[in-house]
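See below for input.cif, which holds mmCIF, C-alpha atoms.
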```cif
data_data
loop_
_atom_site.label_atom_id
_atom_site.label_comp_id
_atom_site.auth_asym_id
_atom_site.auth_seq_id
_atom_site.Cartn_x
_atom_site.Cartn_y
_atom_site.Cartn_z
CA MET A 25 0.00 0.00 0.00
CA GLN A 26 2.94 2.31 0.58
CA ASP A 27 3.38 3.09 -3.13
CA ASN A 28 -0.22 4.21 -3.38
CA ALA A 29 -0.27 6.52 -0.40
CA PRO A 30 0.64 10.16 -0.98
CA ALA A 31 4.20 10.80 0.16
CA GLY A 32 5.29 13.02 2.99
CA LYS A 33 7.45 16.11 2.55
CA GLY A 34 10.82 14.33 2.92
CA GLY A 35 14.17 15.97 3.63
CA PHE A 36 16.18 18.50 1.61
CA ARG A 37 17.18 15.90 -1.00
CA GLY A 38 13.58 14.81 -1.32
CA ARG A 39 12.40 18.39 -1.80
CA LEU A 40 15.15 19.04 -4.34
CA ALA A 41 14.25 15.89 -6.28
CA ALA A 42 10.60 16.92 -6.24
CA ALA A 43 11.46 20.42 -7.48
CA VAL A 44 13.60 19.09 -10.34
CA THR A 45 10.91 16.55 -11.24
CA THR A 46 8.19 19.18 -11.18
CA TRP A 47 10.10 21.83 -13.13
CA THR A 48 11.20 19.34 -15.75
CA ILE A 49 8.07 17.32 -16.37
CA TYR A 50 5.48 20.10 -16.53
CA PRO A 51 7.28 22.26 -19.12
CA LEU A 52 8.18 19.25 -21.26
CA LEU A 53 4.67 17.86 -21.02
CA SER A 54 3.25 21.25 -22.03
CA LEU A 55 5.58 21.35 -25.02
CA TRP A 56 4.70 17.79 -25.96
CA THR A 57 0.98 18.62 -25.70
CA LEU A 58 1.31 21.77 -27.82
CA LEU A 59 3.39 19.91 -30.40
CA GLY A 60 0.77 17.18 -30.52
CA ILE A 61 -2.05 19.67 -31.03
CA ALA A 62 -0.09 21.52 -33.74
CA LEU A 63 0.83 18.36 -35.64
CA PHE A 64 -2.55 16.73 -35.17
CA PRO A 65 -4.33 17.86 -38.39
CA VAL A 66 -1.49 16.83 -40.71
CA ALA A 67 -0.78 13.62 -38.82
CA PHE A 68 -4.46 12.70 -38.78
CA ILE A 69 -4.79 13.06 -42.54
CA ALA A 70 -1.55 11.15 -43.12
CA TRP A 71 -2.68 8.30 -40.81
CA LYS A 72 -6.04 8.22 -42.54
CA LEU A 73 -4.47 7.96 -46.01
CA VAL A 74 -1.99 5.30 -44.96
CA THR A 75 -4.09 3.13 -42.65
CA ARG A 76 -7.69 3.78 -43.86
CA TRP A 77 -8.73 3.44 -40.22
CA ASP A 78 -11.82 5.25 -38.96
CA GLY A 79 -11.26 8.56 -37.19
CA GLY A 80 -11.94 7.18 -33.73
CA ARG A 81 -9.34 4.46 -34.05
CA ILE A 82 -6.75 6.90 -35.35
CA MET A 83 -7.46 9.23 -32.42
CA ARG A 84 -7.13 6.40 -29.91
CA HIS A 85 -3.82 5.48 -31.50
CA PHE A 86 -2.66 9.11 -31.22
CA ILE A 87 -3.69 9.28 -27.58
CA TRP A 88 -1.73 6.10 -26.88
CA LEU A 89 1.30 7.59 -28.67
CA TYR A 90 0.86 10.80 -26.66
CA GLY A 91 0.97 8.65 -23.53
CA ARG A 92 4.12 6.96 -24.79
CA GLY A 93 5.68 10.41 -25.16
CA TRP A 94 4.70 11.17 -21.56
CA MET A 95 6.46 7.95 -20.54
CA VAL A 96 9.67 9.15 -22.19
CA ILE A 97 9.38 12.56 -20.50
CA VAL A 98 8.89 11.14 -17.01
CA SER A 99 11.33 8.24 -17.40
CA PRO A 100 14.32 10.01 -15.73
CA PHE A 101 12.20 10.46 -12.59
CA VAL A 102 9.68 7.66 -12.70
CA ARG A 103 10.54 3.98 -12.89
CA LEU A 104 7.79 2.49 -15.02
CA ARG A 105 7.13 -1.23 -14.89
CA ARG A 106 4.42 -3.43 -16.31
CA GLN A 107 3.50 -6.97 -15.38
CA GLY A 108 1.08 -9.61 -16.61
CA MET A 109 0.49 -8.02 -19.99
CA GLU A 110 0.07 -11.49 -21.50
CA HIS A 111 -3.40 -11.51 -19.90
CA LEU A 112 -4.46 -8.90 -22.43
CA ARG A 113 -3.90 -11.28 -25.32
CA GLN A 114 -7.56 -12.20 -25.70
CA PRO A 115 -9.33 -13.34 -28.85
CA ARG A 116 -11.90 -10.56 -28.43
CA GLY A 117 -12.37 -7.10 -26.98
CA CYS A 118 -12.09 -6.91 -23.19
CA ILE A 119 -13.41 -4.73 -20.42
CA LEU A 120 -10.50 -3.33 -18.42
CA VAL A 121 -10.97 -1.99 -14.91
CA VAL A 122 -8.22 -0.08 -13.13
CA ASN A 123 -7.88 1.56 -9.73
CA HIS A 124 -7.56 5.34 -9.66
CA LEU A 125 -4.94 7.31 -7.75
CA SER A 126 -3.81 10.25 -9.83
CA PHE A 127 -4.48 12.54 -12.79
CA PHE A 128 -1.58 10.74 -14.48
CA ASP A 129 -3.29 7.32 -14.33
CA THR A 130 -4.78 7.84 -17.77
CA TYR A 131 -1.30 8.58 -19.16
CA CYS A 132 -0.08 5.31 -17.65
CA MET A 133 -2.49 3.41 -19.88
CA ALA A 134 0.17 3.89 -22.57
CA LEU A 135 1.95 1.07 -20.73
CA LEU A 136 -0.68 -1.25 -22.15
CA PRO A 137 0.50 -3.20 -25.19
CA CYS A 138 -2.67 -2.25 -27.09
CA TYR A 139 -3.71 1.17 -28.30
CA ASP A 140 -7.36 0.61 -29.25
CA VAL A 141 -8.75 1.38 -25.82
CA THR A 142 -11.92 3.41 -25.36
CA PHE A 143 -12.07 5.12 -21.99
CA ALA A 144 -15.36 5.30 -20.10
CA VAL A 145 -15.15 8.43 -18.00
CA ARG A 146 -17.22 10.96 -16.10
CA ALA A 147 -18.52 14.14 -17.70
CA TRP A 148 -15.92 16.64 -16.44
CA PRO A 149 -12.91 15.52 -18.53
CA PHE A 150 -14.93 16.28 -21.67
CA ARG A 151 -15.04 19.91 -20.52
CA MET A 152 -11.21 20.30 -20.51
CA PHE A 153 -10.71 22.43 -23.61
CA TRP A 154 -7.33 20.95 -24.53
CA TYR A 155 -8.45 17.32 -24.13
CA GLY A 156 -12.23 17.27 -24.52
CA ARG A 157 -12.43 17.51 -28.30
CA PHE A 158 -9.84 14.76 -28.75
CA MET A 159 -11.72 12.54 -26.34
CA ARG A 160 -14.89 13.02 -28.37
CA LEU A 161 -13.01 12.26 -31.57
CA ALA A 162 -11.68 9.09 -29.95
CA GLY A 163 -15.23 8.00 -29.16
CA TYR A 164 -14.70 7.99 -25.39
CA LEU A 165 -17.84 7.28 -23.39
CA ASP A 166 -19.39 9.78 -21.01
CA VAL A 167 -20.87 7.38 -18.49
CA GLU A 168 -22.10 10.13 -16.20
CA THR A 169 -24.58 11.95 -18.40
CA SER A 170 -25.38 9.19 -20.93
CA SER A 171 -28.21 6.79 -20.22
CA TRP A 172 -27.39 3.16 -19.52
CA ASP A 173 -28.88 2.15 -22.87
CA GLU A 174 -26.61 4.62 -24.68
CA VAL A 175 -23.55 3.36 -22.80
CA ARG A 176 -24.45 -0.26 -23.50
CA GLU A 177 -25.03 0.38 -27.20
CA ALA A 178 -21.78 2.31 -27.65
CA SER A 179 -19.86 -0.29 -25.64
CA ALA A 180 -21.24 -3.16 -27.68
CA LYS A 181 -19.98 -1.44 -30.86
CA VAL A 182 -16.49 -1.00 -29.39
CA LEU A 183 -16.29 -4.63 -28.31
CA ALA A 184 -17.72 -5.90 -31.59
CA ALA A 185 -14.95 -4.06 -33.43
CA GLY A 186 -12.35 -5.82 -31.27
CA GLY A 187 -11.51 -2.79 -29.16
CA HIS A 188 -11.15 -2.68 -25.38
CA LEU A 189 -13.18 -0.59 -22.94
CA LEU A 190 -11.49 0.88 -19.89
CA PHE A 191 -13.27 1.90 -16.69
CA PHE A 192 -12.13 3.45 -13.44
CA PRO A 193 -14.78 1.71 -11.32
CA GLU A 194 -14.03 3.86 -8.27
CA GLY A 195 -15.19 6.94 -10.18
CA HIS A 196 -12.79 9.22 -8.28
CA ARG A 197 -9.14 9.25 -7.37
CA SER A 198 -8.41 7.63 -4.02
CA ARG A 199 -7.19 10.09 -1.38
CA ASP A 200 -5.49 7.50 0.81
CA GLY A 201 -4.36 4.87 -1.69
CA ARG A 202 -7.03 2.39 -0.62
CA LEU A 203 -9.55 1.01 -3.06
CA GLN A 204 -12.84 2.85 -2.80
CA ARG A 205 -16.25 1.45 -3.47
CA PHE A 206 -16.75 0.19 -7.02
CA TYR A 207 -19.50 1.47 -9.27
CA ARG A 208 -20.99 -1.47 -11.12
CA GLY A 209 -21.40 -0.27 -14.73
CA ALA A 210 -18.31 -2.08 -16.03
CA PHE A 211 -19.37 -5.31 -14.34
CA ARG A 212 -22.95 -5.16 -15.55
CA LEU A 213 -21.59 -4.56 -19.03
CA ALA A 214 -19.30 -7.59 -18.77
CA VAL A 215 -22.22 -9.76 -17.71
CA GLU A 216 -24.50 -8.42 -20.44
CA THR A 217 -21.95 -8.64 -23.25
CA GLY A 218 -20.00 -11.69 -22.06
CA ALA A 219 -16.74 -9.80 -22.67
CA PRO A 220 -13.77 -10.96 -20.54
CA LEU A 221 -12.94 -8.59 -17.71
CA VAL A 222 -9.27 -7.86 -17.10
CA PRO A 223 -8.47 -6.13 -13.78
CA LEU A 224 -5.51 -3.74 -13.86
CA CYS A 225 -3.68 -2.74 -10.70
CA LEU A 226 -1.76 0.52 -10.64
CA THR A 227 0.64 1.61 -7.92
CA GLY A 228 2.96 4.57 -7.52
CA THR A 229 1.06 7.33 -9.30
CA GLY A 230 -0.34 8.36 -5.93
CA LYS A 231 3.20 9.28 -4.95
CA LEU A 232 4.01 10.94 -8.28
CA LEU A 233 0.96 13.22 -8.23
CA PRO A 234 -1.76 12.60 -5.64
CA PRO A 235 -5.08 14.47 -5.69
CA GLY A 236 -4.86 18.01 -4.34
CA ARG A 237 -1.16 18.55 -5.09
CA LEU A 238 0.66 20.07 -8.07
CA ARG A 239 4.20 19.22 -7.00
CA LEU A 240 5.52 16.04 -8.59
CA GLU A 241 7.70 13.51 -6.82
CA PRO A 242 9.91 10.77 -8.24
CA ALA A 243 8.13 7.44 -7.99
CA ARG A 244 8.07 3.82 -9.01
CA VAL A 245 4.95 3.15 -11.05
CA THR A 246 3.77 -0.38 -11.75
CA LEU A 247 0.85 -1.49 -13.88
CA ARG A 248 -0.10 -5.14 -13.38
CA ALA A 249 -2.73 -6.95 -15.46
CA LEU A 250 -4.46 -9.82 -13.67
CA PRO A 251 -5.80 -12.93 -15.39
CA ALA A 252 -9.05 -12.29 -17.25
CA ILE A 253 -12.27 -13.08 -15.42
CA ASP A 254 -14.99 -14.76 -17.45
CA PRO A 255 -18.35 -13.18 -16.51
CA ALA A 256 -20.04 -16.46 -17.47
CA ASP A 257 -18.64 -17.84 -14.19
CA PHE A 258 -21.09 -15.59 -12.37
CA SER A 259 -24.77 -16.38 -12.76
CA GLY A 260 -28.08 -15.25 -11.33
CA PRO A 261 -29.62 -11.83 -10.78
CA ASP A 262 -26.69 -10.74 -8.58
CA SER A 263 -24.01 -11.77 -11.06
CA HIS A 264 -22.70 -8.25 -11.75
CA ARG A 265 -22.53 -7.51 -8.02
CA ASP A 266 -20.67 -10.76 -7.34
CA LEU A 267 -18.33 -10.05 -10.26
CA ALA A 268 -17.61 -6.57 -8.86
CA ARG A 269 -16.89 -7.99 -5.39
CA GLU A 270 -14.61 -10.70 -6.70
CA THR A 271 -12.74 -8.28 -8.97
CA LYS A 272 -12.23 -5.87 -6.10
CA ARG A 273 -11.01 -8.67 -3.84
CA ARG A 274 -8.40 -9.75 -6.40
CA MET A 275 -7.29 -6.18 -7.06
CA ALA A 276 -6.96 -5.36 -3.36
CA GLU A 277 -4.87 -8.48 -2.82
CA ASN A 278 -2.54 -7.62 -5.71
CA ILE A 279 -2.23 -3.94 -4.83
CA ARG A 280 -1.28 -4.92 -1.28
CA GLU A 281 1.32 -7.34 -2.65
CA MET A 282 2.69 -4.75 -5.09
CA GLY A 283 3.06 -2.22 -2.27
CA GLU A 284 5.15 -4.70 -0.35
CA GLU A 285 7.56 -5.38 -3.22
CA MET B 9 -40.98 -4.58 13.17
CA THR B 10 -41.02 -1.10 14.63
CA ASP B 11 -40.36 1.92 12.41
CA GLN B 12 -36.92 2.29 13.96
CA GLU B 13 -36.07 -1.34 13.30
CA ILE B 14 -37.07 -0.88 9.67
CA ILE B 15 -34.93 2.24 9.39
CA ASP B 16 -31.97 0.48 10.98
CA LEU B 17 -32.29 -2.48 8.62
CA ILE B 18 -32.51 -0.19 5.58
CA ASP B 19 -29.44 1.78 6.65
CA ALA B 20 -27.43 -1.34 7.48
CA SER B 21 -28.36 -3.01 4.17
CA LEU B 22 -27.45 0.03 2.10
CA ALA B 23 -24.25 0.69 4.04
CA GLU B 24 -23.09 -2.85 3.42
CA GLU B 25 -24.15 -2.96 -0.22
CA PHE B 26 -22.69 0.39 -1.26
CA GLU B 27 -19.89 0.66 1.30
CA LEU B 28 -21.37 3.85 2.69
CA ASP B 29 -20.03 5.59 5.77
CA PRO B 30 -22.79 5.46 8.43
CA ALA B 31 -21.79 8.99 9.46
CA ASP B 32 -22.90 10.27 6.05
CA MET B 33 -26.23 8.48 6.20
CA THR B 34 -28.41 11.24 7.57
CA PRO B 35 -32.12 11.09 6.67
CA GLU B 36 -31.86 14.17 4.46
CA ALA B 37 -28.81 12.85 2.56
CA ASN B 38 -29.44 12.82 -1.18
CA LEU B 39 -28.67 9.38 -2.55
CA TYR B 40 -27.11 10.68 -5.75
CA THR B 41 -25.45 14.00 -4.96
CA GLU B 42 -24.35 13.25 -1.40
CA LEU B 43 -24.05 9.49 -1.06
CA GLY B 44 -22.66 9.04 -4.58
CA LEU B 45 -25.08 6.46 -5.94
CA ASP B 46 -25.67 6.31 -9.69
CA SER B 47 -28.61 5.13 -11.76
CA LEU B 48 -27.37 1.53 -11.81
CA ASP B 49 -26.97 1.61 -8.04
CA ALA B 50 -30.62 2.66 -7.81
CA VAL B 51 -31.56 -0.60 -9.53
CA ASP B 52 -29.34 -2.57 -7.15
CA MET B 53 -30.81 -0.65 -4.21
CA VAL B 54 -34.28 -1.88 -5.12
CA VAL B 55 -32.96 -5.46 -5.27
CA VAL B 56 -31.32 -5.03 -1.85
CA LEU B 57 -34.53 -3.67 -0.30
CA GLU B 58 -36.58 -6.46 -1.86
CA GLY B 59 -34.19 -9.01 -0.39
CA ALA B 60 -34.15 -7.42 3.05
CA PHE B 61 -37.93 -6.95 3.36
CA LYS B 62 -39.25 -9.79 1.17
CA PHE B 63 -41.46 -7.65 -1.04
CA LYS B 64 -41.52 -6.61 -4.70
CA ILE B 65 -41.23 -2.90 -5.41
CA ARG B 66 -39.40 -2.69 -8.74
CA GLU B 67 -42.62 -2.09 -10.69
CA GLU B 68 -43.88 0.70 -8.44
CA ASP B 69 -43.78 4.20 -9.89
CA SER B 70 -43.13 5.86 -6.52
CA VAL B 71 -39.74 4.10 -6.33
CA ARG B 72 -38.53 6.38 -9.10
CA GLU B 73 -39.32 9.44 -7.00
CA ILE B 74 -36.97 8.43 -4.20
CA ARG B 75 -34.19 10.96 -3.74
CA THR B 76 -33.15 10.92 -0.09
CA LEU B 77 -32.59 8.30 2.57
CA ASP B 78 -35.68 9.60 4.35
CA ASP B 79 -37.70 8.97 1.15
CA ILE B 80 -36.61 5.32 1.34
CA HIS B 81 -37.43 5.06 5.05
CA ARG B 82 -40.93 6.42 4.54
CA PHE B 83 -41.52 4.36 1.40
CA VAL B 84 -40.51 1.07 3.04
CA ILE B 85 -42.41 1.75 6.27
CA ARG B 86 -45.55 2.55 4.27
CA LYS B 87 -45.08 -0.59 2.18
CA LYS B 88 -44.54 -2.79 5.25
CA ARG B 89 -47.62 -1.40 6.99
CA LEU B 90 -49.73 -2.01 3.88
CA MET B 91 -48.48 -5.62 3.74
CA GLU B 92 -49.31 -6.11 7.43
CA LYS B 93 -52.85 -4.79 6.88
CA LYS B 94 -53.36 -7.20 3.96
CA THR B 95 -52.21 -10.21 5.97
CA ALA B 96 -54.14 -9.19 9.14
#
```
In structure tokens, write the structure found in this file.
Amino acid sequence: MQDNAPAGKGGFRGRLAAAVTTWTIYPLLSLWTLLGIALFPVAFIAWKLVTRWDGGRIMRHFIWLYGRGWMVIVSPFVRLRRQGMEHLRQPRGCILVVNHLSFFDTYCMALLPCYDVTFAVRAWPFRMFWYGRFMRLAGYLDVETSSWDEVREASAKVLAAGGHLLFFPEGHRSRDGRLQRFYRGAFRLAVETGAPLVPLCLTGTGKLLPPGRLRLEPARVTLRALPAIDPADFSGPDSHRDLARETKRRMAENIREMGEE
Amino acid sequence: MTDQEIIDLIDASLAEEFELDPADMTPEANLYTELGLDSLDAVDMVVVLEGAFKFKIREEDSVREIRTLDDIHRFVIRKKRLMEKKTA
């Protein structure tokens, strides 16, 4: 759990490391973001001509590449590790659920070996002027203001096309590193569509940038994929609730183990 | 069951189901804006109440008007009393 809990202030060396991390990553990330926005129109057309992909898929690929750029920027200060990625090799689209600790958690999804991931998020990120329009282009799902039928229909299309759906079932970033209560949309969707559910456990971003703080700190970030859970193993009217409980149990166990490593 | 016993059972069932902090569960607490439930939770909440009180309420229109914990308390108490009258 220690890697998920926000860090203390530390000594002089700790404060110096945090200052260097902060004053390096933010400017470079801003530059990388501006460069991405400037190059986007030309790159989009070029990708379209070369790949013939639909716009949403191209955008999701770009977002994944943007995340990869973030990984390069933070790499001098953040040790990034990934584990269990073989569990994502599924014959069909999966539903991914990941715990939520930090604004940078979404960037960490570039650690995934697949780029065609549609995020299911709350309404507020769509209102960020520098990200919102790209999220819409990518076909991300607004699970807060959309009806359940709309979410289910859009999700079924994503999965049918072989893409993955990603949920933060806690809905909010954890303030203390502990798993919060899980909203059940992702689990109901898994039961209704039969799509495999792959739990993802993230540690370390809560030290890098916890909620309520702007200062960055060097951290070790690990993303671990757990074996896929087949929703068909859960039956009856409470199946989605049982699936949510079992998923949370497995994630809590792994996050605890990862914190002790 | 007394009214208080019904209220206690409702609160305990919802706290366990949705991992709610009992301190936040004041009668006037809005289920959606204050306790953080969403529309899917509302469906699960009905299932939880049906299981706890052995009645069927999912088809009732007044369920959709529930907004606060107090709304649930009053709805369930009324429902229980109606059931008792029918069986008396």
- Message: Restricting the calculation to only C-alpha atoms: of B:Phe63, B:Asp79, B:Leu39, B:Ile74, which residue gets closest to Glu92 in chain B?
- Response: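 Among the listed residues, B:Phe63 lies closest to Glu92 in chain B.
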Any chance you could work out the axis-aligned box around range 23-38 of chain B, listed atoms only, 4 Å on each side, giving centre and edge lengths in Å to one decimal, as lines of an AutoDock Vina configuration file?
```
center_x = -26.0
center_y = 5.6
center_z = 4.1
size_x = 20.2
size_y = 25.1
size_z = 18.7
```
- Query: When distances are computed from all atoms listed in the file, which of A:Ser171, A:Ser198, A:Ser126, A:Thr246 shows the smallest separation from chain B?
  - Reply: A:Ser171
- Task: Fewer than 4 positions away in the same chain doesn't count, so skip those; otherwise give me all residues within 12 Å of Val56 in chain B, counting only C-alpha atoms, as a PyMOL selection string.
- Result: (chain A and resi 261-262+265) or (chain B and resi 17-26+49-52+60-66)
- Item | Hits from the PyMOL selection byres ((chain B) within 9 of (chain A)), listed as number ranges by chain | B: 26-28, 45-49, 52, 55
Requested write-out: C-alpha atoms of the selected residues, as an mmCIF file, in the frame of the given file:
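Printed below is out34.cif as written:
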```
data_model
loop_
_atom_site.group_PDB
_atom_site.id
_atom_site.type_symbol
_atom_site.label_atom_id
_atom_site.label_comp_id
_atom_site.auth_asym_id
_atom_site.auth_seq_id
_atom_site.Cartn_x
_atom_site.Cartn_y
_atom_site.Cartn_z
ATOM 1 C CA PHE B 26 -22.690 0.390 -1.260
ATOM 2 C CA GLU B 27 -19.890 0.660 1.300
ATOM 3 C CA LEU B 28 -21.370 3.850 2.690
ATOM 4 C CA LEU B 45 -25.080 6.460 -5.940
ATOM 5 C CA ASP B 46 -25.670 6.310 -9.690
ATOM 6 C CA SER B 47 -28.610 5.130 -11.760
ATOM 7 C CA LEU B 48 -27.370 1.530 -11.810
ATOM 8 C CA ASP B 49 -26.970 1.610 -8.040
ATOM 9 C CA ASP B 52 -29.340 -2.570 -7.150
ATOM 10 C CA VAL B 55 -32.960 -5.460 -5.270
#
```
- Length of the CA of Gly117 in chain A to CA of Tyr139 in chain A vector [Å]: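 Interatomic distance here is 12.0 Å.
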- Name the residues that the PyMOL selection byres ((chain A and resi 83) around 12) picks from the file above, as number ranges by chain, using the file's chain letters and numbers. A: 60-61, 64-65, 67-69, 71-72, 77-82, 84-90, 139-142, 155, 157-164
- Message: Starting from the PyMOL selection byres ((chain A and resi 249) around 7), expand the selection into actual residues of this file and give them as a PyMOL selection string.
- Response: chain A and resi 107-109+111+222-225+247-248+250-251
- A:Ala62, A:Gly228, A:Met133, A:Leu125 ranked by distance to Glu194 in chain A, top pick (using only C-alpha atoms):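 Answer, going by the shortest atom-to-atom distance: A:Leu125.
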